[in-house]
file model_30.cif (mmCIF, C-alpha atoms and all ligand atoms)
data_upload
loop_
_atom_site.label_atom_id
_atom_site.label_comp_id
_atom_site.auth_asym_id
_atom_site.auth_seq_id
_atom_site.Cartn_x
_atom_site.Cartn_y
_atom_site.Cartn_z
CA MET O 1381 20.67 10.23 -61.77
CA ASN O 1382 18.65 12.17 -59.28
CA LEU O 1383 17.31 14.94 -61.43
CA LEU O 1384 14.52 16.33 -59.34
CA ASN O 1385 16.26 19.65 -58.79
CA ALA O 1386 17.12 20.05 -62.43
CA HIS O 1387 13.47 19.34 -63.24
CA ARG O 1388 12.26 21.98 -60.77
CA GLN O 1389 14.67 24.50 -62.24
CA ALA O 1390 13.54 23.73 -65.78
CA MET O 1391 9.90 24.25 -64.73
CA LYS O 1392 10.75 27.56 -63.03
CA PHE O 1393 12.60 28.73 -66.11
CA LEU O 1394 9.67 27.91 -68.35
CA GLN O 1395 7.17 29.54 -66.05
CA SER O 1396 9.20 32.74 -65.95
CA ALA O 1397 9.69 32.60 -69.73
CA LEU O 1398 5.94 32.51 -70.14
CA LEU O 1399 5.57 35.58 -67.91
CA TRP O 1400 7.69 37.50 -70.38
CA VAL O 1401 5.07 37.24 -73.08
CA PRO O 1402 4.00 40.86 -73.71
CA CYS O 1403 1.36 42.09 -71.36
CA CYS O 1404 -0.69 44.11 -73.83
CA ALA O 1405 -1.85 41.28 -76.03
CA ALA O 1406 -3.15 39.59 -72.88
CA LEU O 1407 -4.94 42.75 -71.75
CA ALA O 1408 -7.06 42.72 -74.88
CA GLN O 1409 -8.64 39.51 -73.48
CA PRO O 1410 -9.61 37.83 -76.78
CA LEU O 1411 -12.08 34.97 -76.58
CA PRO O 1412 -10.07 31.80 -76.10
CA LEU O 1413 -10.07 28.98 -78.62
CA ASP O 1414 -11.31 25.76 -77.08
CA VAL O 1415 -8.70 23.08 -77.93
CA LEU O 1416 -9.33 19.37 -77.34
CA HIS O 1417 -6.15 17.30 -77.05
CA TRP O 1418 -4.51 14.55 -75.03
CA TRP O 1419 -1.29 16.26 -74.03
CA THR O 1420 -1.28 15.98 -70.26
CA SER O 1421 2.16 14.65 -69.24
CA SER O 1422 4.95 17.04 -68.08
CA SER O 1423 6.54 17.43 -71.51
CA GLU O 1424 3.21 17.54 -73.31
CA GLN O 1425 2.04 20.36 -71.05
CA LEU O 1426 5.29 22.24 -71.59
CA ALA O 1427 4.81 21.84 -75.34
CA VAL O 1428 1.25 23.17 -75.08
CA ASP O 1429 2.59 26.07 -72.99
CA GLN O 1430 4.85 26.95 -75.90
CA LEU O 1431 1.87 27.05 -78.24
CA LYS O 1432 -0.11 29.14 -75.76
CA ALA O 1433 2.78 31.60 -75.40
CA HIS O 1434 3.13 32.05 -79.17
CA LEU O 1435 -0.61 32.53 -79.50
CA LEU O 1436 -0.76 35.04 -76.67
CA PHE O 1437 2.08 36.97 -78.25
CA ASN O 1438 -0.21 37.33 -81.25
CA GLY O 1439 -3.20 38.37 -79.20
CA MET O 1440 -4.91 34.99 -79.03
CA ARG O 1441 -5.77 32.64 -76.20
CA TRP O 1442 -5.96 28.85 -75.96
CA LYS O 1443 -8.32 27.11 -73.53
CA ASP O 1444 -7.39 23.53 -72.72
CA ALA O 1445 -9.87 20.72 -73.10
CA ALA O 1446 -7.21 18.17 -72.21
CA ILE O 1447 -8.27 14.52 -71.89
CA PRO O 1448 -5.65 12.34 -70.20
CA GLY O 1449 -4.80 8.99 -71.74
CA GLY O 1450 -1.69 8.05 -73.72
CA GLY O 1451 -2.13 7.64 -77.47
CA GLY O 1452 -5.40 9.59 -77.32
CA MET O 1453 -7.65 6.61 -76.60
CA ALA O 1454 -9.94 8.63 -74.31
CA ALA O 1455 -9.68 11.95 -76.19
CA VAL O 1456 -11.05 10.41 -79.39
CA LYS O 1457 -14.11 9.15 -77.47
CA VAL O 1458 -14.70 12.50 -75.75
CA LEU O 1459 -14.54 14.27 -79.10
CA LYS O 1460 -17.14 11.88 -80.45
CA SER O 1461 -19.51 12.58 -77.58
CA ARG O 1462 -19.02 16.35 -77.83
CA VAL O 1463 -19.85 16.24 -81.53
CA LEU O 1464 -22.95 14.14 -80.86
CA LEU O 1465 -24.04 16.69 -78.25
CA GLY O 1466 -23.62 19.46 -80.82
CA ASP O 1467 -20.67 21.04 -79.00
CA PRO O 1468 -17.49 20.43 -81.04
CA PRO O 1469 -14.39 22.26 -79.80
CA ASP O 1470 -12.85 24.98 -82.00
CA VAL O 1471 -9.70 22.96 -82.46
CA ALA O 1472 -8.95 19.26 -81.99
CA GLN O 1473 -5.88 17.08 -82.01
CA LEU O 1474 -7.06 14.91 -84.87
CA ILE O 1475 -4.44 12.79 -86.47
CA GLY O 1476 -4.17 10.53 -89.50
CA THR O 1477 -7.29 8.60 -90.30
CA THR O 1478 -9.39 10.21 -87.54
CA LEU O 1479 -8.80 13.45 -89.40
CA THR O 1480 -10.10 12.18 -92.73
CA ASP O 1481 -13.02 10.40 -91.04
CA TRP O 1482 -14.21 13.59 -89.32
CA ASN O 1483 -13.63 15.52 -92.51
CA ASP O 1484 -15.92 13.13 -94.38
CA MET O 1485 -18.62 14.05 -91.86
CA GLY O 1486 -18.27 17.73 -92.78
CA LEU O 1487 -16.79 18.75 -89.43
CA VAL O 1488 -13.37 20.01 -90.50
CA MET O 1489 -12.64 23.51 -91.79
CA PRO O 1490 -10.51 23.73 -94.95
CA LEU O 1491 -7.21 25.56 -94.55
CA ASN O 1492 -6.24 26.08 -98.18
CA ASN O 1493 -6.08 29.87 -97.78
CA VAL O 1494 -3.60 29.62 -94.92
CA ALA O 1495 -1.59 26.90 -96.66
CA ASN O 1496 -1.34 28.95 -99.87
CA ARG O 1497 -0.47 32.17 -98.07
CA GLN O 1498 2.22 30.46 -96.02
CA ARG O 1499 3.47 28.35 -98.96
CA TRP O 1500 3.10 25.11 -97.03
CA SER O 1501 3.66 23.01 -100.14
CA GLN O 1502 7.13 24.55 -100.48
CA THR O 1503 8.11 24.56 -96.81
CA LEU O 1504 6.66 21.32 -95.40
CA PHE O 1505 7.95 17.81 -96.00
CA PRO O 1506 5.99 16.29 -98.93
CA THR O 1507 4.93 13.34 -96.73
CA VAL O 1508 3.49 15.76 -94.17
CA MET O 1509 1.78 17.86 -96.82
CA LYS O 1510 0.22 14.73 -98.26
CA LEU O 1511 -0.99 13.70 -94.84
CA VAL O 1512 -2.85 16.96 -94.22
CA THR O 1513 -4.30 17.12 -97.73
CA TYR O 1514 -7.42 15.16 -98.51
CA LYS O 1515 -9.25 15.21 -101.83
CA GLY O 1516 -7.26 18.33 -102.74
CA VAL O 1517 -8.18 20.20 -99.55
CA VAL O 1518 -5.81 21.04 -96.69
CA ILE O 1519 -7.58 19.91 -93.54
CA ALA O 1520 -5.13 20.30 -90.66
CA ALA O 1521 -2.12 22.20 -89.38
CA PRO O 1522 0.82 19.90 -88.69
CA LEU O 1523 2.79 20.33 -85.48
CA GLY O 1524 5.55 17.77 -85.30
CA ILE O 1525 6.82 14.40 -86.50
CA HIS O 1526 7.34 11.66 -83.93
CA ARG O 1527 9.63 8.73 -84.64
CA ILE O 1528 8.04 5.53 -83.40
CA ASN O 1529 10.98 3.19 -84.03
CA THR O 1530 13.01 4.72 -81.22
CA LEU O 1531 15.02 2.76 -78.68
CA ILE O 1532 15.97 4.94 -75.73
CA TYR O 1533 18.78 3.77 -73.44
CA ASN O 1534 20.30 5.06 -70.24
CA ARG O 1535 23.82 6.27 -71.08
CA HIS O 1536 25.09 5.87 -67.51
CA VAL O 1537 24.02 2.23 -67.25
CA PHE O 1538 25.42 1.44 -70.69
CA ALA O 1539 28.75 3.17 -69.91
CA LYS O 1540 29.09 1.41 -66.53
CA LEU O 1541 28.70 -2.00 -68.18
CA GLY O 1542 30.66 -1.14 -71.33
CA LEU O 1543 27.64 -1.62 -73.59
CA ILE O 1544 26.87 -0.01 -76.92
CA PRO O 1545 23.36 0.51 -78.28
CA PRO O 1546 22.30 -2.61 -80.21
CA ALA O 1547 21.91 -2.21 -83.98
CA ASN O 1548 20.40 -5.66 -84.60
CA TRP O 1549 18.59 -8.35 -82.63
CA GLU O 1550 21.69 -10.47 -82.00
CA GLU O 1551 23.33 -7.47 -80.36
CA PHE O 1552 20.11 -6.68 -78.49
CA GLU O 1553 20.02 -10.21 -77.05
CA LEU O 1554 23.64 -9.93 -75.90
CA VAL O 1555 23.01 -6.54 -74.30
CA ALA O 1556 19.88 -7.90 -72.57
CA GLN O 1557 21.84 -10.90 -71.25
CA LYS O 1558 24.62 -8.72 -69.85
CA LEU O 1559 22.13 -6.36 -68.22
CA SER O 1560 20.17 -9.22 -66.66
CA ALA O 1561 23.40 -10.80 -65.40
CA GLN O 1562 24.12 -7.54 -63.55
CA GLY O 1563 20.61 -7.45 -62.08
CA VAL O 1564 19.44 -4.60 -64.35
CA LYS O 1565 16.05 -4.97 -66.04
CA PRO O 1566 16.87 -4.70 -69.78
CA LEU O 1567 13.60 -3.19 -70.99
CA ALA O 1568 10.94 -0.98 -69.43
CA TRP O 1569 7.50 -2.26 -70.41
CA SER O 1570 3.80 -1.55 -70.22
CA ASP O 1571 1.01 -3.93 -71.15
CA GLU O 1572 -1.32 -1.18 -72.34
CA ALA O 1573 -2.58 -2.29 -75.76
CA TRP O 1574 -1.50 0.87 -77.63
CA GLN O 1575 2.02 0.61 -76.20
CA ILE O 1576 2.32 -3.05 -77.20
CA ALA O 1577 1.14 -2.10 -80.70
CA THR O 1578 3.74 0.70 -80.78
CA VAL O 1579 6.54 -1.77 -80.01
CA PHE O 1580 5.18 -4.38 -82.41
CA GLU O 1581 4.98 -2.16 -85.48
CA SER O 1582 8.58 -1.03 -84.97
CA LEU O 1583 9.86 -4.56 -84.75
CA LEU O 1584 7.63 -5.64 -87.62
CA LEU O 1585 9.19 -3.00 -89.89
CA GLY O 1586 12.68 -4.24 -89.01
CA GLU O 1587 11.72 -7.88 -89.36
CA VAL O 1588 9.85 -7.88 -92.69
CA GLY O 1589 11.28 -4.73 -94.34
CA PRO O 1590 9.46 -1.75 -95.87
CA ALA O 1591 7.84 -3.49 -98.86
CA GLN O 1592 6.09 -6.15 -96.80
CA TYR O 1593 5.32 -3.61 -94.06
CA ARG O 1594 3.43 -1.67 -96.72
CA ASP O 1595 1.49 -4.76 -97.79
CA LEU O 1596 0.58 -5.54 -94.20
CA ILE O 1597 -0.10 -2.10 -92.75
CA VAL O 1598 -0.95 0.24 -95.61
CA LYS O 1599 -2.51 -2.07 -98.19
CA ARG O 1600 -3.75 -4.37 -95.41
CA LYS O 1601 -3.38 -7.50 -97.50
CA SER O 1602 -4.94 -10.12 -95.30
CA PRO O 1603 -2.99 -13.23 -96.53
CA ALA O 1604 0.34 -11.40 -95.98
CA TRP O 1605 -0.33 -11.66 -92.23
CA LEU O 1606 0.02 -15.44 -92.45
CA GLU O 1607 3.62 -15.29 -93.71
CA PRO O 1608 6.59 -16.60 -91.64
CA GLY O 1609 8.03 -13.08 -91.05
CA ILE O 1610 4.99 -12.22 -88.93
CA GLU O 1611 5.48 -15.32 -86.85
CA LYS O 1612 9.06 -14.21 -86.18
CA ALA O 1613 7.93 -10.69 -85.23
CA LEU O 1614 5.26 -12.07 -82.88
CA THR O 1615 7.76 -14.43 -81.24
CA ARG O 1616 10.11 -11.49 -80.76
CA LEU O 1617 7.29 -9.42 -79.27
CA ARG O 1618 6.55 -12.09 -76.68
CA TRP O 1619 10.23 -12.46 -75.90
CA LEU O 1620 10.56 -8.71 -75.32
CA ARG O 1621 7.45 -8.70 -73.16
CA ASN O 1622 8.74 -11.61 -71.07
CA LEU O 1623 11.98 -9.80 -70.32
CA SER O 1624 9.88 -7.93 -67.73
CA GLY O 1625 8.48 -10.98 -65.89
CA ASP O 1626 5.11 -12.70 -66.00
CA THR O 1627 2.63 -10.40 -64.32
CA PRO O 1628 0.75 -8.19 -66.80
CA ARG O 1629 1.26 -4.55 -65.92
CA GLU O 1630 -0.72 -1.86 -67.70
CA ARG O 1631 1.26 1.24 -66.85
CA ALA O 1632 1.01 4.74 -68.23
CA TRP O 1633 3.73 5.44 -70.80
CA THR O 1634 5.20 8.00 -68.42
CA ASP O 1635 5.79 5.27 -65.81
CA ALA O 1636 7.64 3.08 -68.31
CA THR O 1637 9.71 6.12 -69.29
CA ARG O 1638 10.50 6.93 -65.67
CA ASP O 1639 12.17 3.51 -65.36
CA ILE O 1640 14.94 4.91 -67.59
CA LEU O 1641 15.35 8.03 -65.47
CA ASP O 1642 15.66 6.18 -62.16
CA GLU O 1643 17.65 3.33 -63.71
CA SER O 1644 15.14 0.62 -62.89
CA ALA O 1645 15.45 -0.40 -66.54
CA ALA O 1646 18.14 0.26 -69.14
CA MET O 1647 16.08 0.65 -72.34
CA VAL O 1648 12.59 1.49 -73.51
CA ILE O 1649 11.00 1.18 -76.95
CA MET O 1650 8.65 4.10 -77.40
CA GLY O 1651 7.92 6.97 -79.73
CA ASP O 1652 10.23 9.90 -79.04
CA TRP O 1653 7.62 11.68 -76.92
CA ALA O 1654 9.46 9.65 -74.23
CA LYS O 1655 12.55 11.71 -75.03
CA GLY O 1656 10.56 14.90 -74.45
CA GLU O 1657 9.37 13.54 -71.13
CA LEU O 1658 12.87 12.63 -69.96
CA MET O 1659 13.99 16.14 -70.89
CA ALA O 1660 11.07 17.69 -69.00
CA TRP O 1661 12.30 15.78 -65.95
CA GLY O 1662 15.73 17.36 -66.38
CA ALA O 1663 17.60 14.59 -68.22
CA SER O 1664 19.75 15.38 -71.24
CA PRO O 1665 19.85 13.38 -74.49
CA GLU O 1666 23.56 14.13 -74.76
CA LYS O 1667 24.59 13.15 -71.24
CA ASP O 1668 21.98 10.97 -69.57
CA PHE O 1669 20.20 8.99 -72.25
CA GLY O 1670 20.54 8.31 -75.95
CA CYS O 1671 18.24 7.38 -78.83
CA ALA O 1672 18.92 4.67 -81.37
CA ALA O 1673 16.82 3.30 -84.18
CA MET O 1674 15.01 0.11 -83.20
CA PRO O 1675 17.21 -2.90 -84.20
CA GLY O 1676 17.02 -3.50 -87.94
CA THR O 1677 15.44 -0.12 -88.73
CA HIS O 1678 18.49 2.03 -89.38
CA LYS O 1679 17.65 4.66 -92.08
CA MET O 1680 13.95 3.97 -91.58
CA HIS O 1681 11.50 6.40 -90.06
CA LEU O 1682 8.28 4.97 -88.72
CA TYR O 1683 6.36 8.18 -88.27
CA SER O 1684 3.35 9.67 -86.56
CA VAL O 1685 2.56 13.31 -87.28
CA ASP O 1686 0.64 15.36 -84.72
CA THR O 1687 -1.90 17.67 -86.34
CA LEU O 1688 -4.54 20.13 -85.21
CA ALA O 1689 -7.83 20.39 -87.10
CA MET O 1690 -10.09 23.44 -86.99
CA LEU O 1691 -13.69 22.36 -86.52
CA TRP O 1692 -16.90 23.99 -87.63
CA ASN O 1693 -19.16 24.92 -84.72
CA SER O 1694 -21.55 27.66 -83.66
CA HIS O 1695 -18.76 29.91 -82.28
CA LYS O 1696 -17.88 31.30 -85.72
CA ARG O 1697 -14.20 31.87 -84.92
CA THR O 1698 -12.90 31.25 -88.44
CA SER O 1699 -10.29 33.97 -88.54
CA ALA O 1700 -8.87 33.02 -85.11
CA GLN O 1701 -8.80 29.36 -86.15
CA GLU O 1702 -6.96 30.25 -89.36
CA LYS O 1703 -4.53 32.37 -87.41
CA LEU O 1704 -3.81 29.46 -85.06
CA ALA O 1705 -3.15 27.17 -88.03
CA GLU O 1706 -0.76 29.74 -89.45
CA LEU O 1707 1.06 30.24 -86.17
CA VAL O 1708 1.69 26.61 -85.29
CA VAL O 1709 3.37 25.99 -88.64
CA ALA O 1710 5.54 29.14 -88.46
CA SER O 1711 9.25 28.50 -87.81
CA PRO O 1712 9.56 30.02 -84.30
CA THR O 1713 6.60 28.03 -82.96
CA GLN O 1714 7.79 24.86 -84.68
CA LEU O 1715 11.22 25.09 -83.08
CA ALA O 1716 9.96 26.00 -79.61
CA TYR O 1717 7.19 23.40 -79.53
CA ASN O 1718 9.17 20.48 -80.94
CA ARG O 1719 12.18 21.15 -78.72
CA VAL O 1720 10.10 20.22 -75.67
CA LYS O 1721 7.63 17.80 -77.23
CA GLY O 1722 10.28 15.32 -78.39
CA SER O 1723 9.13 15.42 -82.01
CA VAL O 1724 10.81 17.26 -84.90
CA PRO O 1725 9.64 20.17 -87.06
CA VAL O 1726 7.46 19.43 -90.07
CA ARG O 1727 9.41 22.00 -92.08
CA THR O 1728 12.29 21.36 -94.46
CA ASP O 1729 14.02 24.71 -93.77
CA VAL O 1730 15.46 23.70 -90.40
CA ASP O 1731 19.13 23.76 -89.43
CA ALA O 1732 19.58 20.24 -88.05
CA ALA O 1733 22.74 21.36 -86.24
CA ASN O 1734 20.52 23.21 -83.76
CA LEU O 1735 18.57 20.10 -82.80
CA ASP O 1736 19.48 17.71 -79.96
CA SER O 1737 21.11 14.42 -80.97
CA CYS O 1738 17.84 12.38 -80.99
CA ALA O 1739 15.95 15.03 -82.95
CA ARG O 1740 18.83 15.51 -85.38
CA ASP O 1741 18.85 11.82 -86.20
CA SER O 1742 15.07 11.71 -86.56
CA TRP O 1743 14.80 14.86 -88.68
CA THR O 1744 17.74 13.89 -90.92
CA THR O 1745 16.44 10.37 -91.39
CA PHE O 1746 13.07 11.81 -92.39
CA ALA O 1747 14.64 14.40 -94.70
CA THR O 1748 17.14 12.18 -96.51
CA PRO O 1749 15.90 11.07 -99.94
CA GLY O 1750 15.92 7.30 -100.36
CA ASN O 1751 15.30 6.56 -96.68
CA VAL O 1752 12.24 4.56 -95.74
CA LEU O 1753 9.27 6.56 -94.40
CA ALA O 1754 6.64 4.22 -92.98
CA PRO O 1755 3.31 5.30 -91.46
CA SER O 1756 2.38 4.11 -87.96
CA LEU O 1757 -0.68 1.93 -87.56
CA ALA O 1758 -0.78 2.30 -83.76
CA HIS O 1759 -0.90 6.09 -84.13
CA ARG O 1760 -3.59 6.27 -86.80
CA MET O 1761 -1.40 7.05 -89.83
CA ALA O 1762 -2.44 3.94 -91.75
CA ALA O 1763 -5.86 2.56 -90.83
CA ASP O 1764 -9.15 3.62 -89.30
CA GLU O 1765 -9.70 3.67 -85.54
CA ALA O 1766 -11.64 0.38 -85.46
CA THR O 1767 -8.96 -1.59 -87.35
CA LYS O 1768 -6.18 -0.07 -85.27
CA ASP O 1769 -8.02 -0.98 -82.05
CA ALA O 1770 -8.74 -4.52 -83.25
CA VAL O 1771 -5.08 -5.10 -84.14
CA ALA O 1772 -3.90 -3.63 -80.83
CA GLN O 1773 -6.33 -5.85 -78.87
CA ILE O 1774 -5.07 -9.01 -80.60
CA LEU O 1775 -1.44 -8.07 -79.99
CA TRP O 1776 -2.23 -7.30 -76.35
CA ARG O 1777 -3.99 -10.63 -75.85
CA PHE O 1778 -1.13 -12.47 -77.57
CA ALA O 1779 1.56 -10.69 -75.56
CA ILE O 1780 0.02 -11.31 -72.15
CA SER O 1781 -1.48 -14.79 -72.57
CA PRO O 1782 0.99 -17.60 -73.17
CA THR O 1783 -1.81 -19.88 -74.38
CA MET O 1784 -2.41 -18.02 -77.66
CA THR O 1785 -0.18 -19.51 -80.37
CA THR O 1786 1.55 -17.36 -82.97
CA LYS O 1787 -0.50 -19.11 -85.66
CA GLU O 1788 -3.73 -18.18 -83.89
CA ALA O 1789 -2.60 -14.56 -83.51
CA GLN O 1790 -1.70 -14.44 -87.22
CA ARG O 1791 -5.10 -15.84 -88.17
CA ARG O 1792 -6.87 -13.22 -86.05
CA LEU O 1793 -4.70 -10.39 -87.36
CA ALA O 1794 -5.35 -11.45 -90.95
CA LEU O 1795 -9.10 -11.19 -90.23
CA ALA O 1796 -8.82 -7.88 -88.36
CA VAL O 1797 -7.05 -5.99 -91.15
CA ARG O 1798 -9.49 -6.98 -93.86
CA THR O 1799 -11.05 -3.83 -95.27
CA PRO O 1800 -14.82 -3.93 -94.86
C1 LIG O 1901 0.87 11.43 -79.92
C2 LIG O 1901 1.89 12.16 -79.07
C3 LIG O 1901 1.66 11.85 -77.61
C4 LIG O 1901 1.69 10.35 -77.40
C5 LIG O 1901 1.50 9.93 -75.95
C6 LIG O 1901 0.85 9.94 -79.58
O1 LIG O 1901 -0.19 9.31 -80.25
O2 LIG O 1901 1.16 11.57 -81.28
O3 LIG O 1901 1.80 13.53 -79.30
O4 LIG O 1901 2.64 12.49 -76.82
O5 LIG O 1901 0.65 9.77 -78.17
O6 LIG O 1901 0.26 10.31 -75.48
#
call {"tool": "encode", "arguments": {"input": "model_30.cif", "output": "C-alpha cells", "more": "lines below"}}
Ligand code: BGC
result
Amino acid sequence: MNLLNAHRQAMKFLQSALLWVPCCAALAQPLPLDVLHWWTSSSEQLAVDQLKAHLLFNGMRWKDAAIPGGGGMAAVKVLKSRVLLGDPPDVAQLIGTTLTDWNDMGLVMPLNNVANRQRWSQTLFPTVMKLVTYKGVVIAAPLGIHRINTLIYNRHVFAKLGLIPPANWEEFELVAQKLSAQGVKPLAWSDEAWQIATVFESLLLGEVGPAQYRDLIVKRKSPAWLEPGIEKALTRLRWLRNLSGDTPRERAWTDATRDILDESAAMVIMGDWAKGELMAWGASPEKDFGCAAMPGTHKMHLYSVDTLAMLWNSHKRTSAQEKLAELVVASPTQLAYNRVKGSVPVRTDVDAANLDSCARDSWTTFATPGNVLAPSLAHRMAADEATKDAVAQILWRFAISPTMTTKEAQRRLALAVRTP
C-alpha cells in the first residue's frame, strides 16, 4: 500500500483546516502557554494541532516545548531539570504516578473549580476521574485513553494469505508460522526497553488474568513474581522477540509501526497511538489495517490515560491554564484530538457509532460494566518512575540476552517491584 500521496493530501487538508480558525482571536495575540510534552511523531503533532486550533478559537495560544522520545523517557528528565532551574512550563504532559509525585512537591495547580463547573464527575469515566483526583483534589485535565493491549495487523497481508486475527496464542503461533512460510515477518519489533515493557504487560495480563495482574502490577506483591505464570509470560516474550531474528534493534516506535504500512511485517503489538500514526500516514483502520485485542485479553482494557497538568510558576497565568483544562475536556476538542491521536475520549457521553472500528472497540470495552480495566505499568499508571524503569530494564536485558534464565529474570523482577 503506497500511501504517500494520501498522506500528503491528509496533511494539506489539516493545514488548510487550521487556517480556517477565526482570524480575530489570533489578532489579539494572547501570551502563549508554554506546554511541555513528548508528542513529536506525525500523528502526535496532528493531535497537538487540534488542541492548538481549539485554543486559538478561544483566543489562546499554545507554545510547544516538545521533547522527542517515545513513552516520554526524555521529556520526564527535561521537566525535572526545568523545575530544578526554577523554570517550570505552564502546562506539562504528566501522567499517572509522575503526576502525583510532582503534586506532592507542590508543583501542580488544583483544578477543582474547572472540574465542578464542567461537571467532570458526571461526564468522565469513573476510572479516569479517579486517576486525575488525588487526596480529594483534581490535579490534571485528561485528554484521551490509550489501549495498550492492541494487536495491529495489515488487512491486505492477512486477506492475501486467508488469515484471521488470532484470538489466543495457539492461533497466533499458527498465523506466525503461515506468515513465515510465505516469507513475511510476522511481528514488527523494537528492542527499546519501554516498548518491550509495553508488549510484556499486555501478554502478562492475558497469561495470568486480571486478579494476578493486580497483585503483580498494582499491589506489587514481590513473591507473586516467582509464580509459574510469570515464567510462561517471559518465555512467550522471548519467543515473540525472536520472531524478528537475533540482532538487537532499538528502533523508534514509529519505525516499528511503519513496518505494517510498507508490509515488511504483518503485525505489531503496541498501544493504539500506532493506529493514529498509521492514519496520519494515510492508512485506514477499515481498509488497510485492523486492531484486535492482544491474544487472551478479549474484554480487557489495559489502559494509559494522557493528562495535562497545570504547573505553578512565576508567569501567573492561572485563568489561561484553567481555560485550557476546560477546553481539552470539552466534547468538540475531545472528538477532534482523539480522532487523530489514536486514543479514545475520556467522556461517557460519546456516540461510539461515530468512532473508527479500533476506537469503537476500545471505547466500548472501556465503557462496558464488568469488563476488566487494568492500569499500565510501562506507561506510569501503576508504579513510580524508578520502579517502572527498573522493571523495563530487566525485561529488556532478558529479551535481548539469551543467557539470562527465566528464573533469574523472575528473581530480579521480584526485587525490583518491592515497595521501598
Ligand atoms: C503516551 C502517548 C504517546 C506514546 C508514544 C505514551 O506513553 O501516552 O500519548 O503517543 O507514549 O510516545
call {"tool": "residues_around", "arguments": {"input": "model_30.cif", "residues": "Ala1747 (chain O)", "least_positions_apart": "2", "cutoff": "12 Å", "atoms": "only C-alpha atoms", "output": "number ranges by chain"}}
result
O: 1504-1508, 1525, 1679-1681, 1724-1732, 1739-1745, 1749-1753
call {"tool": "atom_distance", "arguments": {"input": "model_30.cif", "atom1": "CA of His1678 (chain O)", "atom2": "CA of Asp1652 (chain O)"}}
result
15.4 Å
call {"tool": "closest_residue", "arguments": {"input": "model_30.cif", "among": "O:Leu1641, O:Ala1455, O:Val1518, O:Leu1617", "to": "ligand LIG 1901 (chain O)", "atoms": "all atoms listed in the file"}}
result
O:Ala1455
call {"tool": "residues_near_point", "arguments": {"input": "model_30.cif", "point": "(18.5, 21.3, -78.8)", "cutoff": "12 Å", "atoms": "only C-alpha atoms", "output": "list in words"}}
result
Lys1655, Gly1656, Met1659, Ser1664, Pro1665, Glu1666, Leu1715, Ala1716, Tyr1717, Asn1718, Arg1719, Val1720, Lys1721, Gly1722, Ser1723, Val1724, Asp1731, Ala1732, Ala1733, Asn1734, Leu1735, Asp1736, Ser1737, Cys1738, Ala1739 and Arg1740 of chain O
call {"tool": "closest_residue", "arguments": {"input": "model_30.cif", "among": "O:Ala1427, O:Ala1547, O:Leu1479, O:Leu1707", "to": "ligand LIG 1901 (chain O)", "atoms": "only C-alpha atoms and all ligand atoms"}}
result
O:Ala1427
call {"tool": "closest_atom_pairs", "arguments": {"input": "model_30.cif", "of": "chain O", "to": "ligand LIG 1901 (chain O)", "cutoff": "7 Å", "atoms": "only C-alpha atoms and all ligand atoms", "output": "Markdown table"}}
result
| residue | atom | partner | partner_atom | distance |
| --- | --- | --- | --- | --- |
| O:Trp1418 | CA | O:LIG1901 | O6 | 6.4 |
| O:Trp1419 | CA | O:LIG1901 | O4 | 6.1 |
| O:Glu1424 | CA | O:LIG1901 | O4 | 6.2 |
| O:Gly1449 | CA | O:LIG1901 | O6 | 6.4 |
| O:Gly1450 | CA | O:LIG1901 | O6 | 3.5 |
| O:Gly1451 | CA | O:LIG1901 | O5 | 3.6 |
| O:Gly1452 | CA | O:LIG1901 | O1 | 6.0 |
| O:His1526 | CA | O:LIG1901 | O2 | 6.7 |
| O:Trp1653 | CA | O:LIG1901 | O4 | 5.0 |
| O:Ser1684 | CA | O:LIG1901 | O2 | 6.0 |
| O:Val1685 | CA | O:LIG1901 | O2 | 6.4 |
| O:Asp1686 | CA | O:LIG1901 | O2 | 5.1 |
| O:His1759 | CA | O:LIG1901 | O1 | 5.1 |
call {"tool": "write_last_selection", "arguments": {"input": "model_30.cif", "atoms": "C-alpha atoms", "output": "PDB file, in the frame of the given file"}}
result
ATOM      1  CA  TRP O1418      -4.510  14.550 -75.030  1.00  0.00           C
ATOM      2  CA  TRP O1419      -1.290  16.260 -74.030  1.00  0.00           C
ATOM      3  CA  GLU O1424       3.210  17.540 -73.310  1.00  0.00           C
ATOM      4  CA  GLY O1449      -4.800   8.990 -71.740  1.00  0.00           C
ATOM      5  CA  GLY O1450      -1.690   8.050 -73.720  1.00  0.00           C
ATOM      6  CA  GLY O1451      -2.130   7.640 -77.470  1.00  0.00           C
ATOM      7  CA  GLY O1452      -5.400   9.590 -77.320  1.00  0.00           C
ATOM      8  CA  HIS O1526       7.340  11.660 -83.930  1.00  0.00           C
ATOM      9  CA  TRP O1653       7.620  11.680 -76.920  1.00  0.00           C
ATOM     10  CA  SER O1684       3.350   9.670 -86.560  1.00  0.00           C
ATOM     11  CA  VAL O1685       2.560  13.310 -87.280  1.00  0.00           C
ATOM     12  CA  ASP O1686       0.640  15.360 -84.720  1.00  0.00           C
ATOM     13  CA  HIS O1759      -0.900   6.090 -84.130  1.00  0.00           C
TER      14      HIS O1759
END
call {"tool": "closest_residue", "arguments": {"input": "model_30.cif", "among": "O:Ala1573, O:Leu1543, O:Leu1583, O:Leu1620", "to": "Thr1530 (chain O)", "atoms": "only C-alpha atoms"}}
result
O:Leu1583
call {"tool": "atom_distance", "arguments": {"input": "model_30.cif", "atom1": "CA of Pro1608 (chain O)", "atom2": "CA of Gln1592 (chain O)"}}
result
11.7 Å
call {"tool": "atom_distance", "arguments": {"input": "model_30.cif", "atom1": "CA of Ala1654 (chain O)", "atom2": "CA of Val1456 (chain O)"}}
result
21.2 Å
